[in-house]
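Peer 1: Here it is: the structure, laid out below.
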Amino acid sequence: MGDRPLQTHDAANESSPDEPATSSDRTVLFVEHETDIAERFDREHDDMTVWIESSAADCLSRLEAEAIDCIVSNYDLPDDDGLDLLESVRDEHPNLPFVLFTGAGDERVASEAVAAGVSDYLPRDAVDGADDLRERIESAVDRHLAGRGESRISALMTAFPDVAFLLDDEGRYRELLVGPNTESLAAAAPPDLVGRRLHDVFSEETAERFLTHIHRTLETGGVRTMEYPLEVAKGTRWFEARTTPLGTCIDGRDAVVWVARDVTERRERERTLARQHDELEMLNKIHRLIQEVIHELVRAATRDDIEQLACKRMVESGLYELAWIDESEVSRDGIAPRTRAGGIDGYLDTLVSLGGDVGDDPATRAMRNDELQVIRDVRETDLLPRAVREEAVDRGIESGISIPLSYGNTMYGSLSLVSTRTGVLSERAQAALEILGDTIGFAINAAKNKKLLLSDTSVELEFRVTDSREVFLSVSRRLGCTCHLHGLVPASEGQLLHYVRIEGAPPQRVEEMVSDSEHVTECRLIDTDDTGFVLETVMTESTVKRLVEAGAAVQSATADGGEVSLVAEVPHDADVRRVVDTFQATYPKSELVGKRTVDRPTQTAQEFRQTLTDRLTDRQETALRAAYFAGYYDWPRGSTAEEIAGSLDIASPTLHYHLRKAQYELLAAFFDE
């Protein structure tokens, strides 16, 4: 391509490189290797001679051999770049028109091109076809021919979407250059800037900052950047300044080219990303904290241990400065903390001293509604009365949350967290804290059951209930039958499987009545004999379920003649009044008819094993031992039933019969009262 022009050059019209020919005879040298711009230009403008070279070295060789009126060079070249080529051309041909062509606008390239003496600077997306490019070429040549003193920077800025200035070392505006649609980005109207100093336009502090930046640019001799906000016609905008020495003096003073790019949208994106990153970091920290607390809750032995651990760890995390757990009571008159950790200038003591004046406080709402109560901004919340908000604001409190602590239908209290920072209560953080509240409620319930299991003595409570909402009470009244609680098994989502034995009524009729109850979600007939039958039911509400959720262990429950009798045990040091109030709040038509302390005799492991052995016949024990030691219960099995039966010299069905009977006796000893 470099060996021939795309159009024959007339030798008679040749001129020196510094003296271009007439418009119709101009010779243009394109330096490019990846586009077809030159070929398209030649096809559409046959009155010009077009040469193409693919490298800076070939361009310089062509320039020595041919008379060239204008060079159009890509910035990206295989052996160099357009700026280095421009400097090489200027060494030998200081006035030759030179147009720099780039793929996209770049203020650094533009600034350096101006300093090196470029005639025009063209981002590719600023040129609309070959005719537009021809006008740029002819304009560059005409300016050279006419010897106009017009600034080269003014020409390049028509295609550059930024504001540019020439500023001298005193901070005086020497020239303002704005491209299309950019005048509104200047601090003042262009005619009002030229000749004025920075201190005439900006505050003392801002002007000094800008002047210092100009001096550092001149001292270093390279490109320097800075970001700053300005109040312009579009409002407050952020700009990134790129400055470079002009390379020549203006009226004897050094000057810089200052290109200001509007980066407001970019900064907003960066701020959004930074905010999202901070939120993610905060959420990760909260999740790690909650995982650690949940892990430690497993080892807590008592309710007090659980509550103290939760409050202490939440404060130690640094996310919250104050944590406390409120007592759950049927009626409350102000805040009543059971456990606390941390403190913010006596804030919690102030809340306690206010008593009922705290109003319907978040902790009370959390327990009443079993829902999180979130305060993201203390100044704007309507969850606190004015007096409490003022106390919080005076101490720098920003946010807070009250988390219900419940298990099933039993409300144990609420955990309140207070922070002097924002960002700790995002929606995802709330979801994690809600899980923490559920876990604490579960742990408190488990601790109460464990205490009951290990206690030598307990308190036995006996209730009589005549509330018609109890399903089996209605069944016993209408059908004249007796319903006994046979067993309870925990199911998913806090439900209980009730196994109820009914005597004295038709199974189908009972099943139909029970299934129609609004409190029964599942009902199944599972066993029938000569004296009665057993129903398996899942109920959303029952007297038995309510007592279990209140922290009691139900020993028996019988519905007969239109009333229900229940016997339950609670640990000897439990708050019996609270258990009774919780139960009667749901079943007002209930009466506590008995309360007594009962001993729970301790049984050694040897005594327990002897009890199990006494329940088995010799043949049952033999079959069970042989199956166990032969690996029948391993996985995979070490022996089949047929192999064990053969070893015992009995039939396989006989072995299965003995095993089933033995297993039943063991399970009965474990699960029966």
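Each chain of the structure tokens is named A, B, ... in the order shown, its residues numbered from 1; ligands are numbered from 1 in display order.
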Near Leu496 in chain A, counting only C-alpha atoms, which residues have an atom at most 8 Å away, once you skip same-chain residues fewer than 6 positions from it, shown as a ChimeraX atom specification?

Peer 2: /A:488-490,538-539,545

Peer 1: Those same residues, written as a PDB file, in the first residue's frame with N, CA and C atoms?

Peer 2:
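What follows is the written file again.pdb:
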```pdb
ATOM      1  N   LEU A 488     -47.331 -37.157  72.514  1.00  0.00           N
ATOM      2  CA  LEU A 488     -47.038 -35.935  71.757  1.00  0.00           C
ATOM      3  C   LEU A 488     -45.728 -36.104  71.013  1.00  0.00           C
ATOM      4  N   VAL A 489     -45.699 -35.611  69.771  1.00  0.00           N
ATOM      5  CA  VAL A 489     -44.459 -35.643  68.985  1.00  0.00           C
ATOM      6  C   VAL A 489     -44.290 -34.282  68.308  1.00  0.00           C
ATOM      7  N   PRO A 490     -43.158 -33.595  68.500  1.00  0.00           N
ATOM      8  CA  PRO A 490     -42.930 -32.310  67.816  1.00  0.00           C
ATOM      9  C   PRO A 490     -42.930 -32.499  66.308  1.00  0.00           C
ATOM     10  N   VAL A 538     -52.915 -32.989  63.889  1.00  0.00           N
ATOM     11  CA  VAL A 538     -52.038 -31.810  63.960  1.00  0.00           C
ATOM     12  C   VAL A 538     -52.950 -30.617  64.200  1.00  0.00           C
ATOM     13  N   MET A 539     -52.741 -29.902  65.311  1.00  0.00           N
ATOM     14  CA  MET A 539     -53.622 -28.795  65.679  1.00  0.00           C
ATOM     15  C   MET A 539     -52.826 -27.504  65.823  1.00  0.00           C
ATOM     16  N   LYS A 545     -50.972 -28.001  73.697  1.00  0.00           N
ATOM     17  CA  LYS A 545     -49.947 -27.258  72.960  1.00  0.00           C
ATOM     18  C   LYS A 545     -49.597 -25.949  73.679  1.00  0.00           C
TER      19      LYS A 545
END
```

Peer 1: Just want the 10 Å neighbourhood of Arg524 in chain A, counted on only C-alpha atoms, with same-chain residues fewer than 5 positions away dropped. Output as a short mmCIF file (atom, residue, chain, number, x, y, z; two decimals) with C-alpha atoms, in the first residue's frame.

Peer 2:
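Okay, this is what ended up in around.cif:
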```
data_model
loop_
_atom_site.label_atom_id
_atom_site.label_comp_id
_atom_site.auth_asym_id
_atom_site.auth_seq_id
_atom_site.Cartn_x
_atom_site.Cartn_y
_atom_site.Cartn_z
CA TYR A 499 -52.04 -38.92 69.58
CA GLU A 511 -62.85 -38.36 62.88
CA VAL A 514 -62.32 -33.47 64.59
CA SER A 515 -61.54 -32.87 60.90
CA VAL A 534 -56.29 -43.68 68.36
CA LEU A 535 -56.37 -40.53 66.24
CA GLU A 536 -53.29 -38.69 65.01
CA THR A 537 -54.00 -34.96 64.71
CA VAL A 538 -52.04 -31.81 63.96
#
```

Peer 1: Range 553-562 of chain A: which residues within 10 Å, counting only C-alpha atoms, same-chain residues fewer than 5 positions away excluded, as a ChimeraX atom specification?

Peer 2: /A:448-449,452-453,460-468,470-488,500-502,543-545,547-548,567-571,673

Peer 1: What does the file look like for those residues with N, CA and C atoms, as a CSV table (one decimal), in the first residue's frame?

Peer 2:
```csv
chain,number,residue,atom,x,y,z
A,448,LYS,N,-35.5,-24.6,79.6
A,448,LYS,CA,-36.5,-24.9,80.6
A,448,LYS,C,-36.8,-26.3,80.6
A,449,ASN,N,-36.9,-27.0,79.5
A,449,ASN,CA,-37.2,-28.4,79.4
A,449,ASN,C,-36.1,-29.2,80.0
A,452,LEU,N,-36.2,-29.1,83.7
A,452,LEU,CA,-37.3,-30.0,84.2
A,452,LEU,C,-36.8,-31.4,84.2
A,453,LEU,N,-36.1,-31.8,83.1
A,453,LEU,CA,-35.7,-33.2,83.0
A,453,LEU,C,-34.7,-33.6,84.1
A,460,GLU,N,-46.1,-29.6,90.2
A,460,GLU,CA,-47.2,-30.2,89.4
A,460,GLU,C,-48.4,-29.2,89.5
A,461,LEU,N,-48.9,-28.9,88.3
A,461,LEU,CA,-50.1,-28.0,88.1
A,461,LEU,C,-51.2,-28.8,87.5
A,462,GLU,N,-52.4,-28.6,88.1
A,462,GLU,CA,-53.6,-29.2,87.6
A,462,GLU,C,-54.6,-28.2,87.2
A,463,PHE,N,-55.1,-28.3,85.9
A,463,PHE,CA,-56.0,-27.3,85.4
A,463,PHE,C,-57.3,-28.0,85.0
A,464,ARG,N,-58.4,-27.3,85.2
A,464,ARG,CA,-59.7,-27.7,84.7
A,464,ARG,C,-60.2,-26.7,83.6
A,465,VAL,N,-60.5,-27.1,82.4
A,465,VAL,CA,-60.8,-26.2,81.3
A,465,VAL,C,-62.2,-26.5,80.8
A,466,THR,N,-63.1,-25.5,80.6
A,466,THR,CA,-64.4,-25.7,80.1
A,466,THR,C,-64.6,-24.8,78.8
A,467,ASP,N,-63.5,-24.4,78.2
A,467,ASP,CA,-63.5,-23.6,77.0
A,467,ASP,C,-63.9,-24.4,75.8
A,468,SER,N,-65.0,-24.0,75.1
A,468,SER,CA,-65.5,-24.8,74.0
A,468,SER,C,-64.6,-24.9,72.8
A,470,GLU,N,-61.6,-25.9,72.8
A,470,GLU,CA,-60.9,-27.2,72.8
A,470,GLU,C,-61.6,-28.2,72.1
A,471,VAL,N,-61.0,-28.8,71.0
A,471,VAL,CA,-61.6,-29.7,70.1
A,471,VAL,C,-62.2,-30.9,70.8
A,472,PHE,N,-61.4,-31.6,71.6
A,472,PHE,CA,-61.8,-32.9,72.2
A,472,PHE,C,-62.8,-32.7,73.4
A,473,LEU,N,-62.8,-31.5,73.9
A,473,LEU,CA,-63.8,-31.2,74.9
A,473,LEU,C,-65.2,-31.2,74.2
A,474,SER,N,-65.3,-30.6,73.0
A,474,SER,CA,-66.6,-30.6,72.3
A,474,SER,C,-66.9,-32.1,71.9
A,475,VAL,N,-66.0,-32.8,71.5
A,475,VAL,CA,-66.2,-34.2,71.1
A,475,VAL,C,-66.8,-35.0,72.3
A,476,SER,N,-66.1,-34.9,73.4
A,476,SER,CA,-66.6,-35.7,74.6
A,476,SER,C,-68.0,-35.2,75.0
A,477,ARG,N,-68.3,-34.0,74.9
A,477,ARG,CA,-69.6,-33.5,75.3
A,477,ARG,C,-70.7,-33.9,74.4
A,478,ARG,N,-70.5,-33.9,73.1
A,478,ARG,CA,-71.5,-34.2,72.1
A,478,ARG,C,-71.7,-35.7,71.9
A,479,LEU,N,-70.6,-36.5,72.0
A,479,LEU,CA,-70.7,-37.9,71.8
A,479,LEU,C,-70.7,-38.7,73.1
A,480,GLY,N,-70.5,-38.1,74.2
A,480,GLY,CA,-70.5,-38.8,75.5
A,480,GLY,C,-69.4,-39.8,75.6
A,481,CYS,N,-68.2,-39.5,75.1
A,481,CYS,CA,-67.0,-40.3,75.1
A,481,CYS,C,-65.9,-39.8,76.0
A,482,THR,N,-64.9,-40.5,76.1
A,482,THR,CA,-63.7,-40.1,76.9
A,482,THR,C,-62.5,-40.0,75.9
A,483,CYS,N,-61.8,-38.9,76.0
A,483,CYS,CA,-60.6,-38.7,75.1
A,483,CYS,C,-59.3,-38.6,76.0
A,484,HIS,N,-58.4,-39.4,75.8
A,484,HIS,CA,-57.1,-39.4,76.6
A,484,HIS,C,-56.0,-39.0,75.7
A,485,LEU,N,-55.1,-38.1,76.2
A,485,LEU,CA,-53.8,-37.9,75.4
A,485,LEU,C,-52.9,-39.1,75.5
A,486,HIS,N,-52.6,-39.7,74.4
A,486,HIS,CA,-51.8,-40.9,74.4
A,486,HIS,C,-50.3,-40.6,74.2
A,487,GLY,N,-50.0,-39.5,73.5
A,487,GLY,CA,-48.6,-39.1,73.3
A,487,GLY,C,-48.5,-37.8,72.4
A,488,LEU,N,-47.3,-37.2,72.5
A,488,LEU,CA,-47.0,-35.9,71.8
A,488,LEU,C,-45.7,-36.1,71.0
A,500,VAL,N,-54.3,-39.2,70.3
A,500,VAL,CA,-55.4,-39.2,71.3
A,500,VAL,C,-56.2,-40.5,71.2
A,501,ARG,N,-56.4,-41.1,72.3
A,501,ARG,CA,-57.2,-42.4,72.4
A,501,ARG,C,-58.6,-42.0,72.8
A,502,ILE,N,-59.6,-42.5,72.0
A,502,ILE,CA,-61.0,-42.2,72.3
A,502,ILE,C,-61.7,-43.5,72.6
A,543,THR,N,-55.2,-27.0,74.3
A,543,THR,CA,-54.7,-26.7,75.6
A,543,THR,C,-53.4,-27.3,75.9
A,544,VAL,N,-53.2,-28.5,75.4
A,544,VAL,CA,-51.9,-29.2,75.6
A,544,VAL,C,-50.8,-28.4,74.9
A,545,LYS,N,-51.0,-28.0,73.7
A,545,LYS,CA,-49.9,-27.3,73.0
A,545,LYS,C,-49.6,-25.9,73.7
A,547,LEU,N,-49.8,-25.3,76.9
A,547,LEU,CA,-49.0,-25.5,78.1
A,547,LEU,C,-47.6,-25.9,77.8
A,548,VAL,N,-47.4,-26.6,76.7
A,548,VAL,CA,-46.0,-27.0,76.3
A,548,VAL,C,-45.2,-25.7,75.9
A,567,VAL,N,-52.8,-32.2,83.7
A,567,VAL,CA,-51.7,-32.2,84.7
A,567,VAL,C,-50.4,-32.0,84.0
A,568,ALA,N,-49.7,-31.0,84.5
A,568,ALA,CA,-48.4,-30.6,83.9
A,568,ALA,C,-47.4,-30.3,85.0
A,569,GLU,N,-46.1,-30.5,84.6
A,569,GLU,CA,-45.0,-30.2,85.5
A,569,GLU,C,-44.1,-29.1,85.0
A,570,VAL,N,-43.6,-28.3,86.0
A,570,VAL,CA,-42.6,-27.2,85.6
A,570,VAL,C,-41.5,-27.3,86.6
A,571,PRO,N,-40.3,-26.8,86.3
A,571,PRO,CA,-39.2,-26.9,87.3
A,571,PRO,C,-39.6,-26.2,88.6
A,673,GLU,N,-45.2,-42.8,80.2
A,673,GLU,CA,-45.0,-42.1,81.5
A,673,GLU,C,-44.8,-43.1,82.6
```

Peer 1: Would you kindly return, as a ChimeraX atom specification, each protein, DNA or RNA residue with an atom no farther than 12 Å from any atom of Asp530 in chain A, considering only C-alpha atoms and excluding same-chain residues fewer than 2 positions away?

Peer 2: /A:502-507,527-528,532-534

Peer 1: Please provide as a PyMOL selection string all residues within 9 Å of Val31 in chain A, with the sequence filter that same-chain residues fewer than 4 positions apart are discarded (counting only C-alpha atoms).

Peer 2: chain A and resi 38+51-56+58-59+71-74+77+82

Peer 1: List the spatial neighbours of Leu83 in chain A as a short mmCIF file (atom, residue, chain, number, x, y, z; two decimals) with C-alpha atoms, in the first residue's frame - criterion: any atom at most 10 Å away, only C-alpha atoms, same-chain residues fewer than 4 positions off excluded.

Peer 2:
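Final file, result-v7.cif:
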```cif
data_model
loop_
_atom_site.label_atom_id
_atom_site.label_comp_id
_atom_site.auth_asym_id
_atom_site.auth_seq_id
_atom_site.Cartn_x
_atom_site.Cartn_y
_atom_site.Cartn_z
CA SER A 73 -2.54 10.06 11.42
CA ASN A 74 -4.11 7.50 13.73
CA TYR A 75 -3.03 7.78 17.34
CA ASP A 76 -2.42 4.01 17.53
CA GLU A 87 6.94 15.52 17.23
CA SER A 88 9.15 13.94 14.51
CA VAL A 89 7.26 15.80 11.77
CA LEU A 100 -4.54 13.46 14.82
CA VAL A 109 -3.92 12.80 24.34
CA ALA A 110 -5.65 16.05 23.43
CA GLU A 112 -0.32 16.62 24.81
CA ALA A 113 -1.26 17.01 21.14
CA VAL A 114 -1.96 20.71 21.66
CA ALA A 116 3.12 19.45 20.47
CA GLY A 117 1.46 21.71 17.89
CA VAL A 118 -1.32 19.59 16.37
#
```

Peer 1: To one decimal place, how far is CA of Phe239 in chain A from CA of His213 in chain A in Å?

Peer 2: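 Separation of CA of Phe239 in chain A and CA of His213 in chain A: 14.2 Å.
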
Peer 1: When DSSP works through the backbone of this structure, what residues of range 388-542 of chain A end up as strand (DSSP E or B), shown as a ChimeraX atom specification?

Peer 2: /A:399-407,410-419,457-465,482-490,496-503,520-528,533-539

Peer 1: Between A:Leu177, A:Leu166, A:Leu425, A:Met48, single out the one closest to Gly247 in chain A, counting only C-alpha atoms.

Peer 2: A:Leu166

Peer 1: Using DSSP on the backbone coordinates, identify the residues of range 225-447 of chain A assigned to helix (DSSP H, G or I); present them as a PyMOL selection string.

Peer 2: chain A and resi 264-297+303-316+347-358+362-369+386-394+427-447

Peer 1: Which one of A:Arg313, A:Arg546, A:Arg340, A:His287 sits closest to Ala432 in chain A if you count only C-alpha atoms?

Peer 2: A:His287

Peer 1: Could you tell me which of A:Gly359, A:Gly413, A:Gly171, A:Pro229 comes closest to Val201 in chain A if we count only C-alpha atoms?

Peer 2: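 So, comparing all the options, the nearest one is A:Gly171.
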
Peer 1: Per residue of range 342-372 of chain A within 9 Å of range 315-325 of chain A, which atom pair is closest and at what distance in Å (one decimal), using only C-alpha atoms, listed by chain and increasing number, as CSV?

Peer 2:
```
residue,atom,partner,partner_atom,distance
A:Gly342,CA,A:Leu322,CA,4.6
A:Gly343,CA,A:Leu322,CA,4.9
A:Ile344,CA,A:Leu322,CA,6.6
A:Tyr347,CA,A:Leu322,CA,8.9
A:Leu348,CA,A:Leu322,CA,8.3
A:Ala363,CA,A:Ile325,CA,8.9
```

Peer 1: Residues of the last selection are to be written out with C-alpha atoms, as a PDB file, in the first residue's frame.

Peer 2:
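Below is the file that was written, out-v8.pdb:
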```
ATOM      1  CA  GLY A 342     -23.283  -1.825  77.594  1.00  0.00           C
ATOM      2  CA  GLY A 343     -24.663   1.629  78.119  1.00  0.00           C
ATOM      3  CA  ILE A 344     -25.006   5.057  76.512  1.00  0.00           C
ATOM      4  CA  TYR A 347     -30.039   5.967  78.561  1.00  0.00           C
ATOM      5  CA  LEU A 348     -31.619   2.684  79.716  1.00  0.00           C
ATOM      6  CA  ALA A 363     -40.249  -3.627  73.126  1.00  0.00           C
TER       7      ALA A 363
END
```

Peer 1: Check the smallest atom-to-atom distance from each of A:Ala429, A:Met513, A:Ala550, A:Met367 to Asn284 in chain A using only C-alpha atoms, then report the winner.

Peer 2: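 Of A:Ala429, A:Met513, A:Ala550, A:Met367, the one nearest Asn284 in chain A is A:Ala429, counting only C-alpha atoms.
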